[in-house]
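Peer 1: Structure: data_38.txt, compact mmCIF, C-alpha atoms and all ligand atoms.
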```
# COMPACT_ATOMS: atom_id res chain seq x y z
CA MET A 123 40.30 -17.70 -2.75
CA ALA A 124 42.60 -14.75 -3.44
CA LEU A 125 41.43 -12.55 -6.30
CA ILE A 126 43.96 -12.04 -9.06
CA PRO A 127 43.35 -8.49 -10.28
CA PHE A 128 42.73 -8.14 -13.98
CA ASP A 129 45.57 -5.64 -14.42
CA ASP A 130 48.20 -7.95 -12.93
CA ARG A 131 48.17 -11.14 -14.97
CA ASP A 132 50.42 -12.89 -17.43
CA GLY A 133 49.41 -13.01 -21.09
CA THR A 134 48.92 -10.83 -24.13
CA ILE A 135 46.34 -8.13 -24.89
CA TRP A 136 45.67 -6.62 -28.32
CA LEU A 137 45.52 -2.82 -28.09
CA ASN A 138 45.07 -0.58 -31.12
CA GLY A 139 46.74 -3.01 -33.50
CA GLU A 140 49.57 -4.17 -31.24
CA MET A 141 50.01 -7.30 -29.18
CA LEU A 142 51.20 -6.10 -25.76
CA PRO A 143 52.31 -7.82 -22.59
CA TRP A 144 49.16 -8.00 -20.43
CA ARG A 145 50.35 -5.52 -17.76
CA ASP A 146 51.28 -2.92 -20.40
CA ALA A 147 47.82 -2.68 -22.03
CA LYS A 148 47.02 0.72 -20.52
CA THR A 149 44.89 3.72 -21.34
CA HIS A 150 45.20 7.21 -19.83
CA THR A 151 43.15 8.09 -16.74
CA LEU A 152 41.77 11.08 -18.67
CA SER A 153 39.87 9.05 -21.26
CA HIS A 154 36.42 10.00 -22.41
CA GLY A 155 35.31 6.38 -22.17
CA LEU A 156 36.13 6.26 -18.47
CA HIS A 157 34.51 9.56 -17.50
CA TYR A 158 31.48 9.66 -19.79
CA ALA A 159 30.84 5.94 -20.34
CA SER A 160 31.57 6.17 -24.08
CA LEU A 161 32.63 2.53 -24.07
CA VAL A 162 31.03 -0.50 -25.69
CA PHE A 163 32.05 -4.12 -25.27
CA GLU A 164 31.45 -7.74 -26.12
CA GLY A 165 31.71 -10.87 -23.99
CA GLU A 166 32.33 -14.02 -26.02
CA ARG A 167 33.09 -17.63 -25.15
CA VAL A 168 35.75 -19.87 -26.59
CA TYR A 169 34.80 -23.54 -26.73
CA SER A 170 37.34 -26.12 -27.88
CA GLY A 171 39.49 -23.31 -29.36
CA ASN A 172 36.65 -21.70 -31.37
CA ILE A 173 34.89 -18.44 -30.59
CA PHE A 174 31.20 -19.30 -30.49
CA LYS A 175 29.20 -16.92 -32.74
CA GLY A 176 32.32 -14.75 -33.09
CA ARG A 177 31.09 -12.96 -36.21
CA GLU A 178 27.74 -12.05 -34.57
CA HIS A 179 29.63 -10.54 -31.63
CA THR A 180 31.85 -8.55 -34.02
CA GLU A 181 28.76 -7.25 -35.80
CA ARG A 182 27.12 -6.30 -32.52
CA LEU A 183 30.29 -4.49 -31.42
CA ARG A 184 30.23 -2.46 -34.63
CA ASN A 185 26.54 -1.72 -34.17
CA SER A 186 27.07 -0.64 -30.54
CA CYS A 187 29.81 1.76 -31.74
CA LYS A 188 27.45 3.14 -34.37
CA ILE A 189 24.67 3.67 -31.84
CA MET A 190 27.18 5.49 -29.60
CA ASP A 191 28.18 7.70 -32.56
CA PHE A 192 31.72 6.46 -33.10
CA ASP A 193 33.31 4.21 -35.71
CA ILE A 194 35.39 1.15 -35.10
CA PRO A 195 38.48 1.66 -37.29
CA LEU A 196 38.64 -2.00 -38.38
CA SER A 197 36.74 -4.29 -40.74
CA ASP A 198 34.79 -7.26 -39.38
CA ASN A 199 37.48 -9.58 -40.77
CA GLU A 200 40.19 -7.61 -38.98
CA VAL A 201 38.31 -7.79 -35.67
CA ASP A 202 37.73 -11.53 -36.09
CA ALA A 203 41.39 -12.11 -36.95
CA ALA A 204 42.57 -10.03 -33.97
CA LYS A 205 40.27 -11.96 -31.61
CA MET A 206 41.62 -15.30 -32.84
CA ALA A 207 45.19 -14.02 -32.57
CA VAL A 208 44.56 -13.12 -28.92
CA VAL A 209 42.97 -16.50 -28.20
CA GLU A 210 45.96 -18.25 -29.75
CA ALA A 211 48.60 -15.99 -28.15
CA ASN A 212 47.11 -16.81 -24.74
CA GLY A 213 46.83 -20.53 -25.51
CA ILE A 214 43.11 -20.64 -24.72
CA THR A 215 41.02 -23.73 -25.41
CA ASP A 216 37.98 -22.91 -23.25
CA GLY A 217 37.76 -19.28 -22.26
CA TYR A 218 36.31 -15.83 -22.57
CA VAL A 219 37.04 -12.99 -25.01
CA ARG A 220 36.42 -9.35 -24.12
CA ALA A 221 36.54 -6.97 -27.10
CA PHE A 222 35.87 -3.28 -26.43
CA CYS A 223 35.99 0.18 -27.96
CA TRP A 224 36.08 3.54 -26.27
CA ARG A 225 36.63 7.23 -26.91
CA GLY A 226 40.13 8.47 -26.06
CA SER A 227 41.61 11.58 -24.44
CA GLU A 228 41.61 14.19 -27.20
CA MET A 229 38.55 15.86 -25.68
CA MET A 230 37.34 15.66 -22.09
CA ALA A 231 33.89 17.18 -22.12
CA VAL A 232 30.39 16.20 -23.08
CA SER A 233 31.15 16.99 -26.70
CA ALA A 234 33.66 14.45 -27.92
CA GLN A 235 33.55 14.78 -31.69
CA LYS A 236 37.31 14.62 -32.18
CA THR A 237 38.25 11.71 -29.96
CA LYS A 238 40.09 8.72 -31.38
CA THR A 239 38.39 5.34 -31.03
CA HIS A 240 40.51 2.87 -29.11
CA VAL A 241 40.03 -0.86 -29.56
CA ALA A 242 41.28 -3.60 -27.25
CA ILE A 243 40.83 -7.35 -27.07
CA ALA A 244 41.67 -9.52 -24.07
CA ALA A 245 41.02 -13.20 -23.48
CA TRP A 246 41.35 -15.46 -20.50
CA GLU A 247 40.83 -19.06 -19.50
CA TRP A 248 37.32 -19.97 -18.42
CA PRO A 249 37.20 -23.72 -18.15
CA SER A 250 33.78 -25.07 -18.90
CA TYR A 251 32.75 -27.70 -16.36
CA PHE A 252 29.58 -29.01 -17.88
CA ASP A 253 27.55 -30.49 -15.04
CA PRO A 254 23.84 -30.55 -15.90
CA GLU A 255 22.87 -31.81 -12.42
CA THR A 256 24.32 -28.77 -10.64
CA LYS A 257 22.79 -26.46 -13.23
CA MET A 258 19.37 -28.08 -12.81
CA GLN A 259 19.20 -27.01 -9.15
CA GLY A 260 18.53 -23.50 -10.42
CA ILE A 261 19.61 -20.08 -9.23
CA THR A 262 17.54 -17.49 -7.35
CA LEU A 263 16.55 -14.00 -8.51
CA ASP A 264 15.61 -10.99 -6.42
CA ILE A 265 13.32 -8.44 -8.05
CA ALA A 266 15.39 -5.31 -8.64
CA ASP A 267 14.21 -1.84 -7.65
CA TRP A 268 15.91 -0.37 -10.74
CA LYS A 269 13.94 -0.46 -14.00
CA ARG A 270 15.32 -0.88 -17.51
CA PRO A 271 14.95 2.50 -19.22
CA SER A 272 12.82 3.29 -22.24
CA PRO A 273 14.49 3.51 -25.69
CA GLU A 274 13.80 7.25 -25.41
CA SER A 275 15.93 7.47 -22.27
CA ALA A 276 19.03 5.45 -23.16
CA PRO A 277 20.69 3.68 -26.11
CA VAL A 278 19.17 0.39 -24.93
CA HIS A 279 20.25 -1.76 -27.89
CA ALA A 280 23.96 -0.98 -27.54
CA LYS A 281 26.07 -3.13 -25.26
CA ALA A 282 27.31 0.05 -23.66
CA ALA A 283 29.03 0.52 -20.30
CA GLY A 284 26.57 3.14 -19.02
CA LEU A 285 23.67 0.72 -19.12
CA TYR A 286 25.42 -1.46 -16.54
CA MET A 287 25.28 1.09 -13.69
CA ILE A 288 21.86 -0.18 -12.65
CA CYS A 289 22.88 -3.80 -13.26
CA THR A 290 25.77 -3.63 -10.80
CA LEU A 291 23.58 -1.85 -8.23
CA SER A 292 20.78 -4.41 -8.65
CA LYS A 293 23.14 -7.37 -8.47
CA HIS A 294 24.81 -6.04 -5.32
CA ALA A 295 21.42 -5.50 -3.65
CA ALA A 296 20.37 -9.05 -4.62
CA GLU A 297 23.60 -10.61 -3.35
CA LYS A 298 23.26 -8.79 -0.03
CA LYS A 299 19.84 -10.46 0.38
CA GLY A 300 21.27 -13.91 -0.48
CA PHE A 301 19.98 -14.15 -4.07
CA THR A 302 22.22 -15.09 -6.97
CA ASP A 303 21.09 -12.34 -9.32
CA ALA A 304 18.26 -9.87 -9.92
CA LEU A 305 15.36 -9.78 -12.34
CA MET A 306 14.86 -6.31 -13.76
CA LEU A 307 11.47 -5.02 -14.87
CA ASP A 308 11.29 -2.32 -17.52
CA TYR A 309 9.94 1.24 -17.35
CA ARG A 310 6.44 -0.11 -18.09
CA GLY A 311 6.60 -2.81 -15.42
CA TYR A 312 7.12 -5.65 -17.89
CA ILE A 313 9.71 -8.35 -17.18
CA ALA A 314 12.93 -7.39 -18.97
CA GLU A 315 16.03 -9.45 -18.14
CA ALA A 316 18.53 -10.33 -15.43
CA THR A 317 21.59 -8.12 -14.84
CA GLY A 318 23.63 -9.85 -17.56
CA ALA A 319 21.37 -12.44 -19.17
CA ASN A 320 17.98 -12.78 -20.88
CA ILE A 321 15.05 -14.65 -19.34
CA PHE A 322 12.64 -17.35 -20.52
CA PHE A 323 9.63 -19.14 -18.95
CA VAL A 324 7.96 -22.46 -19.73
CA ASP A 325 4.21 -22.90 -19.15
CA GLY A 326 2.29 -26.07 -18.23
CA GLU A 327 1.84 -27.01 -21.90
CA GLY A 328 5.58 -26.78 -22.57
CA THR A 329 5.31 -23.51 -24.52
CA ILE A 330 8.25 -21.17 -24.02
CA HIS A 331 7.65 -17.47 -23.34
CA THR A 332 10.26 -14.72 -23.45
CA PRO A 333 9.92 -10.93 -23.31
CA ILE A 334 10.14 -8.91 -26.53
CA ALA A 335 13.61 -7.34 -26.62
CA ASP A 336 12.34 -3.81 -27.24
CA CYS A 337 14.21 -2.04 -24.43
CA PHE A 338 17.07 -4.38 -23.54
CA LEU A 339 19.80 -6.38 -25.20
CA ASP A 340 18.55 -8.98 -27.69
CA GLY A 341 21.20 -11.48 -26.61
CA ILE A 342 23.02 -13.62 -29.13
CA THR A 343 22.37 -16.59 -26.81
CA ARG A 344 18.69 -15.60 -26.61
CA ARG A 345 18.41 -15.75 -30.38
CA THR A 346 20.35 -19.03 -30.51
CA VAL A 347 18.19 -20.64 -27.82
CA ILE A 348 15.00 -19.60 -29.63
CA GLN A 349 16.32 -21.37 -32.75
CA LEU A 350 17.40 -24.38 -30.67
CA ALA A 351 13.95 -24.65 -29.02
CA GLN A 352 12.32 -24.55 -32.45
CA LEU A 353 14.70 -27.25 -33.67
CA LEU A 354 13.57 -29.33 -30.67
CA GLN A 355 9.92 -28.81 -31.75
CA MET A 356 9.14 -26.49 -28.84
CA LYS A 357 6.81 -23.55 -29.39
CA VAL A 358 8.34 -20.14 -28.57
CA VAL A 359 6.26 -17.02 -27.97
CA GLN A 360 7.82 -13.56 -27.65
CA ARG A 361 5.50 -11.22 -25.77
CA HIS A 362 5.26 -8.67 -23.00
CA LEU A 363 5.10 -10.44 -19.65
CA THR A 364 4.23 -9.17 -16.19
CA LEU A 365 5.11 -10.89 -12.90
CA LYS A 366 1.43 -11.90 -12.71
CA ASP A 367 1.69 -13.57 -16.14
CA VAL A 368 4.55 -15.76 -14.98
CA ALA A 369 3.20 -16.68 -11.54
CA ASP A 370 1.89 -20.02 -12.85
CA MET A 371 4.76 -20.81 -15.21
CA LYS A 372 6.48 -24.11 -14.44
CA GLU A 373 10.07 -23.45 -15.45
CA CYS A 374 12.31 -20.44 -15.86
CA PHE A 375 15.85 -20.08 -17.21
CA LEU A 376 18.37 -17.42 -18.16
CA THR A 377 20.44 -17.28 -21.32
CA GLY A 378 23.68 -15.46 -22.01
CA THR A 379 27.23 -15.93 -23.16
CA ALA A 380 28.38 -16.35 -19.56
CA ALA A 381 25.16 -17.90 -18.18
CA GLU A 382 24.71 -20.25 -21.18
CA VAL A 383 21.32 -21.80 -20.26
CA THR A 384 20.91 -21.50 -16.48
CA PRO A 385 17.69 -22.70 -14.82
CA VAL A 386 16.06 -20.47 -12.18
CA SER A 387 14.29 -21.92 -9.11
CA LYS A 388 12.98 -18.72 -7.52
CA ILE A 389 12.11 -15.13 -8.40
CA GLY A 390 11.20 -13.17 -5.27
CA ASP A 391 8.34 -15.25 -3.80
CA LEU A 392 7.65 -17.23 -7.00
CA THR A 393 9.07 -20.72 -7.32
CA PHE A 394 9.92 -22.73 -10.42
CA THR A 395 11.02 -26.32 -10.85
CA PRO A 396 13.67 -26.81 -13.51
CA GLY A 397 12.31 -29.68 -15.63
CA ASP A 398 12.40 -31.38 -19.01
CA ALA A 399 12.30 -28.27 -21.19
CA SER A 400 15.16 -26.61 -19.31
CA ARG A 401 17.19 -29.80 -19.33
CA GLN A 402 16.76 -30.26 -23.08
CA LEU A 403 17.91 -26.70 -23.70
CA VAL A 404 20.82 -26.87 -21.22
CA GLU A 405 22.05 -30.02 -22.94
CA GLY A 406 21.18 -28.86 -26.46
CA TYR A 407 23.12 -25.64 -25.94
CA GLU A 408 26.17 -27.64 -24.85
CA ASP A 409 25.83 -29.73 -28.03
CA LEU A 410 25.65 -26.51 -30.07
CA VAL A 411 28.71 -24.84 -28.57
CA ARG A 412 30.71 -28.03 -28.97
CA GLY A 413 29.64 -28.25 -32.63
CA ARG A 414 27.76 -31.56 -32.20
CA ILE A 415 24.60 -29.96 -33.64
CA SER A 416 23.92 -26.68 -35.42
CA VAL A 417 20.95 -24.35 -35.87
N1 LIG B 501 21.53 -8.78 -21.23
C1 LIG B 501 22.60 -8.19 -20.68
C2 LIG B 501 22.41 -6.95 -19.88
C3 LIG B 501 23.87 -8.75 -20.86
O1 LIG B 501 24.95 -8.16 -20.31
C4 LIG B 501 24.01 -9.94 -21.60
C5 LIG B 501 25.36 -10.56 -21.76
N2 LIG B 501 26.04 -10.04 -22.87
C6 LIG B 501 22.86 -10.51 -22.16
C7 LIG B 501 21.63 -9.92 -21.96
C8 LIG B 501 22.95 -11.76 -22.99
O2 LIG B 501 23.57 -11.46 -24.20
P1 LIG B 501 24.41 -12.54 -25.00
O3 LIG B 501 23.56 -13.75 -25.11
O4 LIG B 501 24.65 -11.91 -26.31
O5 LIG B 501 25.66 -12.79 -24.22
```
Show the structure stored in the file as structure tokens.
Ligand code: PMP
Peer 2:
Amino acid sequence: MALIPFDDRDGTIWLNGEMLPWRDAKTHTLSHGLHYASLVFEGERVYSGNIFKGREHTERLRNSCKIMDFDIPLSDNEVDAAKMAVVEANGITDGYVRAFCWRGSEMMAVSAQKTKTHVAIAAWEWPSYFDPETKMQGITLDIADWKRPSPESAPVHAKAAGLYMICTLSKHAAEKKGFTDALMLDYRGYIAEATGANIFFVDGEGTIHTPIADCFLDGITRRTVIQLAQLLQMKVVQRHLTLKDVADMKECFLTGTAAEVTPVSKIGDLTFTPGDASRQLVEGYEDLVRGRISV
């Protein structure tokens, strides 16, 4: 299938307060965000015309800006309204929203105190084909060589571009070996997350285990799925986990805006069998995003 590049599409992008034709939403090549990774972003899903957890994503965007030492020049209500305007302008019913902020071109050096913050919002169709049977086959994870850094080494709680260098490298290495994605351990050797999703395990008693989000993104889907599991009377434990700790776990799944709830069948040499707990959460999450239940 031919790739349609993201800079050559029809539609409308919101850039610094203006709705622009898609191909005209440009920034200068000499932008601090591009050279020094002073860029933060959100990935959000639109289901049946509504942005799922839109306000939480807006709040996280603001918090990522704050962590990166720049301000977003808009209120939460303004960001939410701009996101909806973009969804509507592009006629999206089921899709994806990308909202992002970056430092501009006023200064091009490590010090960037006087740069303007740019804000852009794009959205595109992402039809949701809900097929639990395909999902239940599970994806495979390689174990990445790269480790998630300590909170003393990087702004680990921001959804910041620079943190994705090692994700892209890990994902490419995994794909070259025939895996779908990679599991990343942290600087201590604990299980952290996949390259763009959080991870959960289910033991033989049906208890759910997930790593403590102390050096990686505490995903909005992760938090939602913890609440959903509790609603379904499942016990959830957040703790540090090693590969040895999960060797006897029965099920494994990823969570994320893009991944939703995606069962995992293999991590390196370890195998898992997507079962009842994963199925309940895959289906429960679909009920949540479609507004059939709430947590
Ligand atoms: N970790 C990483 C590195 C991610 O990129 C994402 C996707 N945003 C997640 C976890 C899951 O976060 P969320 O559920 O908020 O999409």
Peer 1: Within 10 Å of ligand LIG 501 (chain B), which residues show up when you count only C-alpha atoms and all ligand atoms? List them as a PyMOL selection string, please.
Peer 2: chain A and resi 163-167+175+178-179+182+270+278-283+285-286+288-289+306+314-321+335+338-347+376-383
Peer 1: By how many Å are CA of Thr302 in chain A and CA of Lys366 in chain A apart?
Peer 2: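 Value for the CA of Thr302 in chain A-CA of Lys366 in chain A distance: 21.8 Å.
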Peer 1: With all atoms listed in the file as the atoms that count, which of A:Pro271, A:Pro277, A:Val168, A:Arg225 lies nearest to Asn185 in chain A?
Peer 2: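 Closest residue, counting all atoms listed in the file: A:Pro277.
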Peer 1: Between CA of Arg220 in chain A and CA of Ser233 in chain A, measure the distance and give it in Å to one decimal.
Peer 2: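 Separation between CA of Arg220 in chain A and CA of Ser233 in chain A: 27.0 Å.
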Peer 1: Mind giving me the straight-line distance from CA of Ala234 in chain A to CA of Arg184 in chain A in Å, one decimal?
Peer 2: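 Spanning CA of Ala234 in chain A to CA of Arg184 in chain A is a straight-line distance of 18.5 Å.
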Peer 1: Need the shell around range 253-260 of chain A: protein/DNA/RNA residues with any atom at most 9 Å away, counting only C-alpha atoms. Skip same-chain ones fewer than 4 positions apart. Format as a list in words?
Peer 2: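 With the cut-off at 9 Å, the set is Cys374, Phe375, Val383, Thr384, Pro385, Val386, Ser387, Lys388, Phe394, Thr395, Pro396, Gly397, Ser400, Arg401, Val404 and Glu405 of chain A.
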Peer 1: Could you list, with a cut-off of 8 Å and counting all atoms listed in the file, the residues of range 175-237 of chain A near range 136-158 of chain A, each shown with its nearest atom pair and the distance in Å rounded to one decimal, rows sorted by chain and ascending number, as JSON lines?
Peer 2:
```
{"residue": "A:Ala204", "atom": "CA", "partner": "A:Trp136", "partner_atom": "CA", "distance": 7.3}
{"residue": "A:Val208", "atom": "CA", "partner": "A:Trp136", "partner_atom": "CA", "distance": 6.6}
{"residue": "A:Trp224", "atom": "CA", "partner": "A:Gly155", "partner_atom": "CA", "distance": 5.0}
{"residue": "A:Arg225", "atom": "CA", "partner": "A:Gly155", "partner_atom": "CA", "distance": 5.0}
{"residue": "A:Gly226", "atom": "CA", "partner": "A:Ser153", "partner_atom": "CA", "distance": 4.8}
{"residue": "A:Ser227", "atom": "CA", "partner": "A:Ser153", "partner_atom": "CA", "distance": 4.4}
{"residue": "A:Met229", "atom": "CA", "partner": "A:His154", "partner_atom": "CA", "distance": 7.0}
{"residue": "A:Met230", "atom": "CA", "partner": "A:His154", "partner_atom": "CA", "distance": 5.7}
{"residue": "A:Ala231", "atom": "CA", "partner": "A:His154", "partner_atom": "CA", "distance": 7.6}
{"residue": "A:Val232", "atom": "CA", "partner": "A:Tyr158", "partner_atom": "CA", "distance": 7.4}
{"residue": "A:Ala234", "atom": "CA", "partner": "A:His154", "partner_atom": "CA", "distance": 7.6}
{"residue": "A:Thr237", "atom": "CA", "partner": "A:His154", "partner_atom": "CA", "distance": 8.0}
```
Peer 1: What residues have an atom no more than 8 Å from (40.6, -2.2, -32.2) in the file's own frame, counting only C-alpha atoms, and can you write them as a PyMOL selection string?
Peer 2: chain A and resi 136-139+194-196+201+222-223+239-243
Peer 1: Which of these residues is nearest to Ala244 in chain A, using only C-alpha atoms: A:Ile214, A:Ile135, A:Leu365, A:Cys187?
Peer 2: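 Result for the nearest residue to Ala244 in chain A: A:Ile135.
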Peer 1: Quick one: residues within 12 Å of Glu274 in chain A, all atoms listed in the file counted, chain neighbours fewer than 5 positions away excluded, as number ranges by chain?
Peer 2: A: 279, 309, 336-337
Peer 1: Take the selection from the previous step and output its residues with C-alpha atoms, as a CSV table (one decimal), in the coordinates of the input.
Peer 2:
```csv
chain,number,residue,atom,x,y,z
A,279,HIS,CA,20.2,-1.8,-27.9
A,309,TYR,CA,9.9,1.2,-17.4
A,336,ASP,CA,12.3,-3.8,-27.2
A,337,CYS,CA,14.2,-2.0,-24.4
```
